[in-house]
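S.K.: My structure is stored as start.txt, with compact mmCIF, C-alpha atoms.
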# COMPACT_ATOMS: atom_id res chain seq x y z
CA MET A 1 -0.84 18.31 -32.65
CA VAL A 2 -0.19 15.14 -30.69
CA SER A 3 -1.95 12.05 -31.98
CA MET A 4 -3.54 9.37 -29.85
CA GLU A 5 -1.13 6.80 -31.32
CA SER A 6 1.93 8.85 -30.33
CA LEU A 7 0.52 9.15 -26.80
CA ARG A 8 0.05 5.36 -26.66
CA GLN A 9 3.60 4.79 -27.87
CA ARG A 10 4.98 7.21 -25.31
CA LEU A 11 2.94 5.60 -22.52
CA ALA A 12 4.18 2.15 -23.57
CA GLU A 13 7.77 3.45 -23.43
CA VAL A 14 7.30 4.97 -19.96
CA LEU A 15 5.58 1.86 -18.60
CA HIS A 16 8.07 -0.48 -20.32
CA LEU A 17 5.21 -2.60 -21.64
CA GLN A 18 7.46 -4.41 -24.11
CA GLU A 19 9.87 -5.54 -21.40
CA THR A 20 10.68 -9.12 -20.67
CA PRO A 21 9.06 -10.75 -17.63
CA HIS A 22 12.53 -10.76 -16.07
CA ARG A 23 12.87 -6.95 -16.20
CA THR A 24 9.36 -6.30 -14.92
CA ALA A 25 9.74 -8.83 -12.10
CA LEU A 26 13.12 -7.33 -11.26
CA ALA A 27 11.54 -3.88 -11.00
CA PHE A 28 8.79 -5.23 -8.73
CA ALA A 29 11.30 -7.08 -6.53
CA THR A 30 13.38 -3.90 -6.27
CA GLY A 31 10.26 -2.09 -5.08
CA VAL A 32 9.61 -4.80 -2.49
CA PHE A 33 13.20 -4.43 -1.28
CA ILE A 34 12.64 -0.69 -0.91
CA ALA A 35 9.34 -1.30 0.94
CA PHE A 36 11.10 -3.22 3.71
CA ALA A 37 14.32 -1.18 3.74
CA PRO A 38 14.83 0.83 6.94
CA HIS A 39 15.25 4.24 5.29
CA TYR A 40 11.75 5.50 6.03
CA LEU A 41 10.67 8.83 4.53
CA PHE A 42 12.84 8.10 1.48
CA HIS A 43 11.01 5.11 -0.05
CA THR A 44 9.29 7.07 -2.81
CA ALA A 45 12.47 8.92 -3.71
CA SER A 46 14.39 5.62 -3.69
CA ALA A 47 11.85 3.99 -6.00
CA ALA A 48 11.99 6.91 -8.43
CA PHE A 49 15.79 7.01 -8.32
CA CYS A 50 16.20 3.24 -8.86
CA GLY A 51 13.67 3.35 -11.69
CA TRP A 52 15.60 6.15 -13.36
CA LEU A 53 19.10 4.79 -12.64
CA PHE A 54 18.44 1.23 -13.81
CA ARG A 55 15.73 2.18 -16.35
CA LEU A 56 13.23 -0.05 -14.59
CA ASN A 57 9.48 -0.12 -15.04
CA TYR A 58 8.22 2.71 -12.80
CA VAL A 59 4.79 1.17 -12.34
CA ALA A 60 6.24 -2.18 -11.23
CA ILE A 61 8.81 -0.62 -8.91
CA PHE A 62 6.22 1.64 -7.27
CA LEU A 63 3.73 -1.22 -6.91
CA GLY A 64 6.40 -3.21 -5.09
CA SER A 65 7.36 -0.30 -2.86
CA PHE A 66 3.74 0.43 -1.96
CA ILE A 67 3.57 -2.85 -0.07
CA ASN A 68 4.65 -0.56 2.74
CA ASN A 69 1.70 1.77 3.15
CA PRO A 70 -0.31 3.26 6.03
CA TRP A 71 -2.17 -0.04 6.58
CA THR A 72 0.94 -2.22 6.61
CA LEU A 73 3.42 0.16 8.27
CA ILE A 74 2.96 -1.02 11.87
CA PRO A 75 3.10 -4.76 11.02
CA ILE A 76 6.23 -4.17 8.90
CA LEU A 77 7.90 -2.15 11.66
CA ALA A 78 7.08 -4.84 14.23
CA ALA A 79 8.20 -7.66 11.93
CA SER A 80 11.45 -5.80 11.27
CA LEU A 81 12.17 -5.40 14.97
CA TYR A 82 11.30 -8.98 15.91
CA THR A 83 13.22 -10.38 12.92
CA GLY A 84 16.26 -8.37 13.96
CA ILE A 85 16.00 -9.58 17.54
CA PHE A 86 15.74 -13.16 16.27
CA VAL A 87 18.62 -12.84 13.78
CA MET A 88 20.88 -11.25 16.39
CA GLY A 89 20.10 -14.04 18.84
CA ASP A 90 18.64 -11.79 21.50
CA SER A 91 16.08 -13.69 23.55
CA SER A 92 14.71 -10.66 25.39
CA GLN A 93 11.41 -9.16 24.37
CA PRO A 94 11.19 -5.41 23.70
CA THR A 95 9.62 -3.57 26.60
CA ILE A 96 8.58 -0.09 25.58
CA ALA A 97 6.40 1.87 27.97
CA TRP A 98 4.33 3.53 25.24
CA ASN A 99 2.30 5.56 27.74
CA GLU A 100 5.55 7.12 29.05
CA LEU A 101 6.99 7.87 25.59
CA THR A 102 7.52 11.57 24.93
CA MET A 103 9.56 13.55 22.43
CA ASP A 104 12.10 14.20 25.20
CA ASN A 105 12.76 10.53 25.96
CA LEU A 106 12.03 9.08 22.51
CA PHE A 107 15.67 8.37 21.63
CA ASP A 108 16.53 6.97 25.08
CA MET A 109 13.59 4.56 25.07
CA LEU A 110 14.01 3.37 21.46
CA SER A 111 17.83 3.41 21.08
CA PRO A 112 18.32 -0.20 22.33
CA TYR A 113 16.17 -1.37 19.42
CA ILE A 114 17.75 0.62 16.57
CA ILE A 115 20.35 -1.97 15.54
CA PRO A 116 17.96 -4.96 15.76
CA PHE A 117 15.41 -2.97 13.76
CA PHE A 118 17.91 -2.18 10.99
CA VAL A 119 19.14 -5.79 10.88
CA GLY A 120 15.57 -7.08 10.73
CA ALA A 121 14.47 -4.57 8.10
CA CYS A 122 17.43 -5.41 5.86
CA THR A 123 16.81 -9.14 6.35
CA LEU A 124 13.14 -8.79 5.43
CA ALA A 125 14.04 -6.59 2.45
CA VAL A 126 16.31 -9.30 1.03
CA ILE A 127 13.88 -12.15 1.78
CA GLY A 128 10.91 -10.18 0.43
CA SER A 129 12.62 -9.33 -2.83
CA LEU A 130 13.88 -12.92 -3.27
CA ILE A 131 10.30 -14.16 -2.90
CA ALA A 132 8.78 -11.36 -5.02
CA TYR A 133 10.98 -11.86 -8.08
CA PRO A 134 10.12 -15.47 -9.01
CA LEU A 135 6.50 -15.03 -7.98
CA MET A 136 6.04 -11.92 -10.14
CA ARG A 137 7.96 -13.42 -13.05
CA TRP A 138 5.72 -16.51 -12.95
CA MET A 139 2.57 -14.33 -12.78
CA ILE A 140 3.65 -12.12 -15.69
CA THR A 141 4.62 -15.10 -17.84
CA ARG A 142 1.36 -16.85 -17.05
CA TYR A 143 -0.67 -13.72 -17.79
CA ARG A 144 1.07 -13.15 -21.11
CA ARG A 145 0.52 -16.75 -22.16
CA MET A 146 -3.17 -16.53 -21.29
CA THR A 147 -3.70 -13.24 -23.12
CA HIS A 148 -1.64 -14.04 -26.23
CA HIS A 149 -2.58 -17.68 -26.83
CA PRO A 150 -5.36 -18.71 -24.44
CA SER A 151 -6.07 -22.00 -26.15
CA SER A 152 -2.53 -23.22 -26.82
CA GLY A 153 -0.90 -22.12 -23.58
CA THR A 154 2.28 -21.10 -25.43
CA HIS A 155 3.91 -17.71 -25.76
Would you write out, as structure tokens, the structure that this file holds?
M.R.:
Amino acid sequence: MVSMESLRQRLAEVLHLQETPHRTALAFATGVFIAFAPHYLFHTASAAFCGWLFRLNYVAIFLGSFINNPWTLIPILAASLYTGIFVMGDSSQPTIAWNELTMDNLFDMLSPYIIPFFVGACTLAVIGSLIAYPLMRWMITRYRRMTHHPSSGTH
């Protein structure tokens, strides 16, 4: 029979609860990178694979990757495109006739924006992860100090 304590120990192992703030923040930042990366439809698989490959905290990596979700998808797609246009130095604004877009002309209408989109998505992925890492590390460290020694402020 499986005891409650053995379940807790196994859960702590899976969630990497004894990890350093560095490792947990690194997992979160990796998830943020995946969230902005342009390989849509593979984000969940990428998060699971990176978690397994680098033995990262699955919860932290998935939380980071879920920044890209149904409510944020359109703003992230638009930010990726406009960032790419900016980075590539293109001053023209995208003009997509959405009411004329069909499955037959989808590639023809969107193909001029593929490269700027990929450049922008990769740029935002790097910037997002570089911001996420120190922010998450600071939050984890602060939380651990508050929960372990609330009066002394030390860890």
S.K.: Just give me the gap between CA of Leu26 in chain A and CA of Glu5 in chain A in Å, one decimal is fine.
M.R.: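 About the pair CA of Leu26 in chain A and CA of Glu5 in chain A: they are 28.4 Å apart.
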S.K.: Figure out the distance between CA of Pro116 in chain A and CA of Thr30 in chain A, please, to one decimal in Å.
M.R.: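 Computed distance, CA of Thr30 in chain A to CA of Pro116 in chain A, equals 22.5 Å.
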S.K.: At a cut-off of 12 Å, using all atoms listed in the file, what residues contact range 56-66 of chain A? Leave out same-chain residues fewer than 6 positions from it and give the result as a count of residues only.
M.R.: 48
S.K.: Mind pulling up the distance from CA of Asp104 in chain A to CA of Cys122 in chain A?
M.R.: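 So the two atoms, CA of Cys122 in chain A and CA of Asp104 in chain A, lie 28.1 Å apart.
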S.K.: Which residues, written as a PDB file with C-alpha atoms, in the frame of the given file, have at least one atom at most 12 Å from Ala97 in chain A, with all atoms listed in the file counted and residues fewer than 5 positions away on the same chain left out?
M.R.:
ATOM      1  CA  THR A 102       7.520  11.570  24.930  1.00  0.00           C
ATOM      2  CA  ASN A 105      12.760  10.530  25.960  1.00  0.00           C
ATOM      3  CA  LEU A 106      12.030   9.080  22.510  1.00  0.00           C
ATOM      4  CA  ASP A 108      16.530   6.970  25.080  1.00  0.00           C
ATOM      5  CA  MET A 109      13.590   4.560  25.070  1.00  0.00           C
ATOM      6  CA  LEU A 110      14.010   3.370  21.460  1.00  0.00           C
TER       7      LEU A 110
END
S.K.: Measuring between only C-alpha atoms, which one of A:Trp98, A:Gly84, A:Trp138, A:Asp90 shows the shortest distance to Pro38 in chain A?
M.R.: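 Answer, going by the shortest atom-to-atom distance: A:Gly84.
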S.K.: Choose the residue, out of A:Val2, A:Leu7, A:Gly89, A:Thr95, that has the smallest atom-to-atom separation from Tyr113 in chain A; count only C-alpha atoms.
M.R.: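 Closest to Tyr113 in chain A of all the choices is A:Thr95.
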S.K.: Could you check which of A:Leu41, A:Leu124, A:Leu53, A:Ile67 is closest to Ala79 in chain A, using only C-alpha atoms?
M.R.: A:Leu124
S.K.: Quick one: of A:Ile96, A:Ile85, A:His39, A:Val119, who's nearest to Asn68 in chain A, counting only C-alpha atoms?
M.R.: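 Residue with the minimum atom-to-atom distance to Asn68 in chain A: A:His39.
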S.K.: How big is the axis-aligned box around the listed atoms of range 94-113 of chain A once 8 Å is added on each side, and where is its centre? Give both in Å to one decimal, as JSON.
M.R.:
{"center_x": 10.3, "center_y": 4.4, "center_z": 24.2, "size_x": 32.0, "size_y": 35.6, "size_z": 25.6}
